[in-house]
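Visitor: Supplied structure: input14.csv, CSV, C-alpha atoms.
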```csv
chain,number,residue,atom,x,y,z
A,1,MET,CA,-11.8,-25.8,-7.0
A,2,SER,CA,-9.2,-28.1,-5.7
A,3,THR,CA,-8.4,-31.5,-7.4
A,4,MET,CA,-10.0,-33.3,-4.4
A,5,GLU,CA,-13.2,-31.2,-4.7
A,6,TYR,CA,-13.3,-32.0,-8.4
A,7,HIS,CA,-13.0,-35.7,-7.7
A,8,TYR,CA,-15.6,-35.5,-5.0
A,9,GLN,CA,-18.0,-33.8,-7.4
A,10,THR,CA,-17.3,-36.5,-10.0
A,11,MET,CA,-18.0,-39.1,-7.4
A,12,GLY,CA,-21.3,-37.4,-6.5
A,13,ARG,CA,-22.3,-37.3,-10.1
A,14,ILE,CA,-21.5,-41.0,-10.7
A,15,LEU,CA,-23.4,-42.1,-7.6
A,16,SER,CA,-26.4,-40.0,-8.7
A,17,HIS,CA,-26.4,-41.9,-12.0
A,18,LEU,CA,-26.1,-45.3,-10.2
A,19,VAL,CA,-28.8,-44.4,-7.6
A,20,SER,CA,-31.2,-43.6,-10.4
A,21,ALA,CA,-30.4,-47.0,-12.0
A,22,GLY,CA,-31.1,-48.9,-8.8
A,23,LEU,CA,-29.6,-52.3,-9.0
A,24,SER,CA,-29.6,-52.5,-12.8
A,25,ARG,CA,-26.2,-53.0,-14.2
A,26,VAL,CA,-24.9,-50.0,-16.2
A,27,ASN,CA,-22.1,-49.4,-18.6
A,28,PHE,CA,-20.0,-46.3,-18.7
A,29,ASP,CA,-17.9,-45.3,-21.7
A,30,ASP,CA,-16.4,-42.0,-22.9
A,31,SER,CA,-19.7,-40.5,-24.0
A,32,ASP,CA,-21.2,-41.3,-20.6
A,33,ALA,CA,-18.3,-39.6,-18.9
A,34,MET,CA,-18.8,-36.4,-20.9
A,35,ASP,CA,-22.6,-36.5,-20.2
A,36,ILE,CA,-22.2,-37.1,-16.5
A,37,MET,CA,-19.3,-34.7,-15.9
A,38,THR,CA,-21.0,-31.4,-16.9
A,39,HIS,CA,-18.4,-29.5,-14.9
A,40,ARG,CA,-15.0,-30.3,-16.5
A,41,ILE,CA,-11.5,-29.4,-15.8
A,42,GLY,CA,-8.9,-29.9,-18.6
A,43,ASP,CA,-9.3,-31.3,-22.0
A,44,GLU,CA,-11.4,-34.3,-23.0
A,45,GLU,CA,-8.5,-36.8,-22.3
A,46,GLU,CA,-8.1,-35.3,-18.8
A,47,VAL,CA,-11.8,-35.5,-18.1
A,48,LEU,CA,-12.0,-39.1,-19.2
A,49,LYS,CA,-9.0,-40.0,-17.0
A,50,THR,CA,-10.6,-38.3,-14.0
A,51,PHE,CA,-13.9,-40.2,-14.6
A,52,ALA,CA,-12.0,-43.5,-14.9
A,53,ASP,CA,-9.8,-42.8,-11.9
A,54,VAL,CA,-12.9,-42.1,-9.7
A,55,LEU,CA,-14.6,-45.3,-11.0
A,56,TYR,CA,-11.5,-47.3,-10.2
A,57,TRP,CA,-11.4,-45.8,-6.7
A,58,LEU,CA,-15.1,-46.6,-6.1
A,59,ASN,CA,-14.5,-50.1,-7.2
A,60,ASP,CA,-11.3,-50.6,-5.2
A,61,GLU,CA,-13.1,-49.3,-2.1
A,62,GLY,CA,-15.9,-51.7,-2.6
A,63,LEU,CA,-18.8,-49.2,-3.3
A,64,ILE,CA,-19.4,-50.6,-6.7
A,65,ARG,CA,-18.7,-53.8,-8.6
A,66,VAL,CA,-17.6,-53.8,-12.2
A,67,LYS,CA,-17.9,-56.9,-14.4
A,68,SER,CA,-15.2,-55.8,-16.8
A,69,ILE,CA,-13.0,-52.8,-17.7
A,70,GLN,CA,-11.6,-52.1,-21.1
A,71,GLU,CA,-8.8,-49.6,-21.6
A,72,PHE,CA,-8.0,-48.4,-25.0
A,73,ASP,CA,-6.0,-45.6,-26.6
A,74,GLY,CA,-7.5,-42.5,-25.1
A,75,GLY,CA,-10.4,-44.0,-23.3
A,76,TYR,CA,-12.1,-46.5,-21.0
A,77,ALA,CA,-15.2,-48.6,-20.9
A,78,PHE,CA,-16.6,-50.0,-17.6
A,79,HIS,CA,-19.2,-52.8,-18.0
A,80,GLY,CA,-21.8,-54.2,-15.6
A,81,ILE,CA,-21.4,-51.6,-12.8
A,82,GLN,CA,-23.7,-52.0,-9.8
A,83,LEU,CA,-23.7,-50.5,-6.3
A,84,THR,CA,-22.6,-53.1,-3.7
A,85,SER,CA,-24.2,-53.5,-0.3
A,86,LYS,CA,-21.5,-51.3,1.1
A,87,GLY,CA,-22.3,-48.6,-1.5
A,88,ILE,CA,-26.0,-48.9,-0.7
A,89,ALA,CA,-25.3,-48.6,3.1
A,90,ILE,CA,-23.3,-45.4,2.5
A,91,ILE,CA,-25.9,-43.7,0.3
A,92,GLN,CA,-28.6,-44.6,2.9
A,93,ALA,CA,-26.5,-43.3,5.9
A,94,LYS,CA,-27.5,-40.0,7.5
A,95,PRO,CA,-25.1,-37.2,6.6
A,96,LYS,CA,-24.2,-34.6,9.3
A,97,ASP,CA,-24.7,-31.8,6.7
A,98,PRO,CA,-28.3,-30.7,6.9
A,99,GLU,CA,-28.2,-29.6,3.2
A,100,LEU,CA,-27.8,-33.3,2.2
A,101,GLY,CA,-31.0,-34.2,4.1
A,102,GLU,CA,-31.8,-37.7,5.5
A,103,SER,CA,-29.6,-39.6,3.1
A,104,ILE,CA,-27.7,-39.3,-0.1
A,105,GLU,CA,-30.2,-41.6,-1.8
A,106,LYS,CA,-33.2,-39.3,-0.7
A,107,LYS,CA,-31.3,-36.2,-1.7
A,108,LEU,CA,-30.6,-37.5,-5.2
A,109,ALA,CA,-34.3,-38.6,-5.6
A,110,GLU,CA,-35.6,-35.0,-5.0
A,111,PRO,CA,-37.0,-33.4,-8.0
A,112,GLY,CA,-35.0,-30.5,-9.6
A,113,ASN,CA,-31.4,-30.2,-10.6
A,114,THR,CA,-28.7,-31.0,-8.0
A,115,ASP,CA,-26.0,-28.3,-8.2
A,116,ALA,CA,-22.3,-28.8,-8.4
A,117,ALA,CA,-21.8,-27.9,-4.7
A,118,THR,CA,-24.2,-30.6,-3.6
A,119,TYR,CA,-22.4,-33.2,-5.8
A,120,THR,CA,-19.2,-32.1,-4.2
A,121,LYS,CA,-20.7,-32.5,-0.7
A,122,ILE,CA,-22.0,-36.0,-1.6
A,123,GLY,CA,-18.5,-37.1,-2.7
A,124,ALA,CA,-16.9,-35.6,0.4
A,125,PHE,CA,-19.4,-37.4,2.6
A,126,VAL,CA,-18.8,-40.7,0.9
A,127,GLY,CA,-15.0,-40.2,1.1
A,128,GLY,CA,-15.3,-39.3,4.8
A,129,VAL,CA,-17.3,-42.4,5.5
A,130,ILE,CA,-14.8,-44.6,3.7
A,131,ALA,CA,-11.9,-42.9,5.6
A,132,GLY,CA,-13.7,-43.3,8.9
A,133,GLY,CA,-14.5,-46.9,8.4
A,134,ILE,CA,-17.8,-48.7,8.0
A,135,GLN,CA,-18.6,-48.4,11.7
A,136,THR,CA,-19.5,-44.8,11.2
A,137,LEU,CA,-22.6,-46.0,9.4
A,138,SER,CA,-24.2,-47.2,12.6
A,139,GLY,CA,-23.8,-43.9,14.4
```
Show me the file's structure as structure tokens.
Guide:
Amino acid sequence: MSTMEYHYQTMGRILSHLVSAGLSRVNFDDSDAMDIMTHRIGDEEEVLKTFADVLYWLNDEGLIRVKSIQEFDGGYAFHGIQLTSKGIAIIQAKPKDPELGESIEKKLAEPGNTDAATYTKIGAFVGGVIAGGIQTLSG
């Protein structure tokens, strides 16, 4: 698995958690990172850094809002995370990949465990939408 695929998978797992929370504000700390990232590359410090880096990216790209971020020796805590309207638009957009169904939101709501490959596809779709610009959502 490439680094980009690992980050896509991490993004898919984070979005899954946020979709299940709806618009409720959530907090992520080190223990949440280890729970959410069931597929891990590297030691715990590297896993926590990857988790935080993906959250920073989602925040910087405007998919989530974060009330506050604490950085401390060996870890991070993100408080008050919510999907933004842009984030909701992306999870409601229709992917071109038939395996992802009508939308990311509906795919994540399906009963049963989502596998690692699906999380990776979700992250790749979201990254592609961001790269292509928001106008791709209307097509």
Visitor: Taking all atoms listed in the file into account, which of A:Tyr56, A:Ile90, A:Met34, A:Leu100 comes nearest A:Tyr119?
Guide: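 Of A:Tyr56, A:Ile90, A:Met34, A:Leu100, the one nearest A:Tyr119, counting all atoms listed in the file, is A:Leu100.
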Visitor: Suppose you want the space between atom CA of A:Gly62 and atom CA of A:Leu15; what is it in Å?
Guide: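 According to the coordinates, atom CA of A:Gly62 and atom CA of A:Leu15 are separated by 13.2 Å.
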Visitor: Contacts of A:Leu108 at 8 Å or less, counting only C-alpha atoms, minus same-chain residues fewer than 4 places along, as a PDB file with C-alpha atoms, in the coordinates of the input?
Guide:
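The resulting file, part_31.pdb, is reproduced below:
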```
ATOM      1  CA  SER A  16     -26.400 -40.000  -8.700  1.00  0.00           C
ATOM      2  CA  VAL A  19     -28.800 -44.400  -7.600  1.00  0.00           C
ATOM      3  CA  ILE A 104     -27.700 -39.300  -0.100  1.00  0.00           C
ATOM      4  CA  THR A 114     -28.700 -31.000  -8.000  1.00  0.00           C
TER       5      THR A 114
END
```
Visitor: What's around A:Pro98 at 12 Å? Count only C-alpha atoms, leave out sequence neighbours fewer than 2 positions away in its own chain, and write the answer as a compact mmCIF listing (two decimals) with C-alpha atoms, in the frame of the given file.
Guide:
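The resulting file, result21.txt, is shown below:
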```txt
# COMPACT_ATOMS: atom_id res chain seq x y z
CA LYS A 94 -27.50 -40.00 7.50
CA PRO A 95 -25.10 -37.20 6.60
CA LYS A 96 -24.20 -34.60 9.30
CA LEU A 100 -27.80 -33.30 2.20
CA GLY A 101 -31.00 -34.20 4.10
CA GLU A 102 -31.80 -37.70 5.50
CA SER A 103 -29.60 -39.60 3.10
CA ILE A 104 -27.70 -39.30 -0.10
CA LYS A 107 -31.30 -36.20 -1.70
CA THR A 118 -24.20 -30.60 -3.60
CA LYS A 121 -20.70 -32.50 -0.70
CA ILE A 122 -22.00 -36.00 -1.60
CA PHE A 125 -19.40 -37.40 2.60
```
Visitor: Measure the distance from atom CA of A:Phe51 to atom CA of A:Asp30 in Å and round it to one decimal.
Guide: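 These two atoms are separated by 8.9 Å.
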Visitor: In file coordinates, which residues lie within 7 Å of (-13.1, -41.4, -3.7) using only C-alpha atoms, given as number ranges by chain?
Guide: A: 7-8, 11, 54, 57-58, 123, 127
Visitor: Please identify all polymer residues within 10 Å of stretch 74-85 of chain A, counting all atoms listed in the file, omitting same-chain residues fewer than 2 positions from it, and present them as a ChimeraX atom specification.
Guide: /A:15,18-19,21-33,44-46,48-49,51-52,55-56,58-59,62-72,87-91
Visitor: Could you tell me which of A:His17, A:Glu61, A:Glu5, A:Arg40 comes closest to A:Ala109 if we count all atoms listed in the file?
Guide: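 Of all the options, A:His17 lies closest to A:Ala109.
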Visitor: Can you tell me how far atom CA of A:Ile41 sits from atom CA of A:Asp73, in Å to one decimal?
Guide: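 Here the two named atoms are 20.2 Å from each other.
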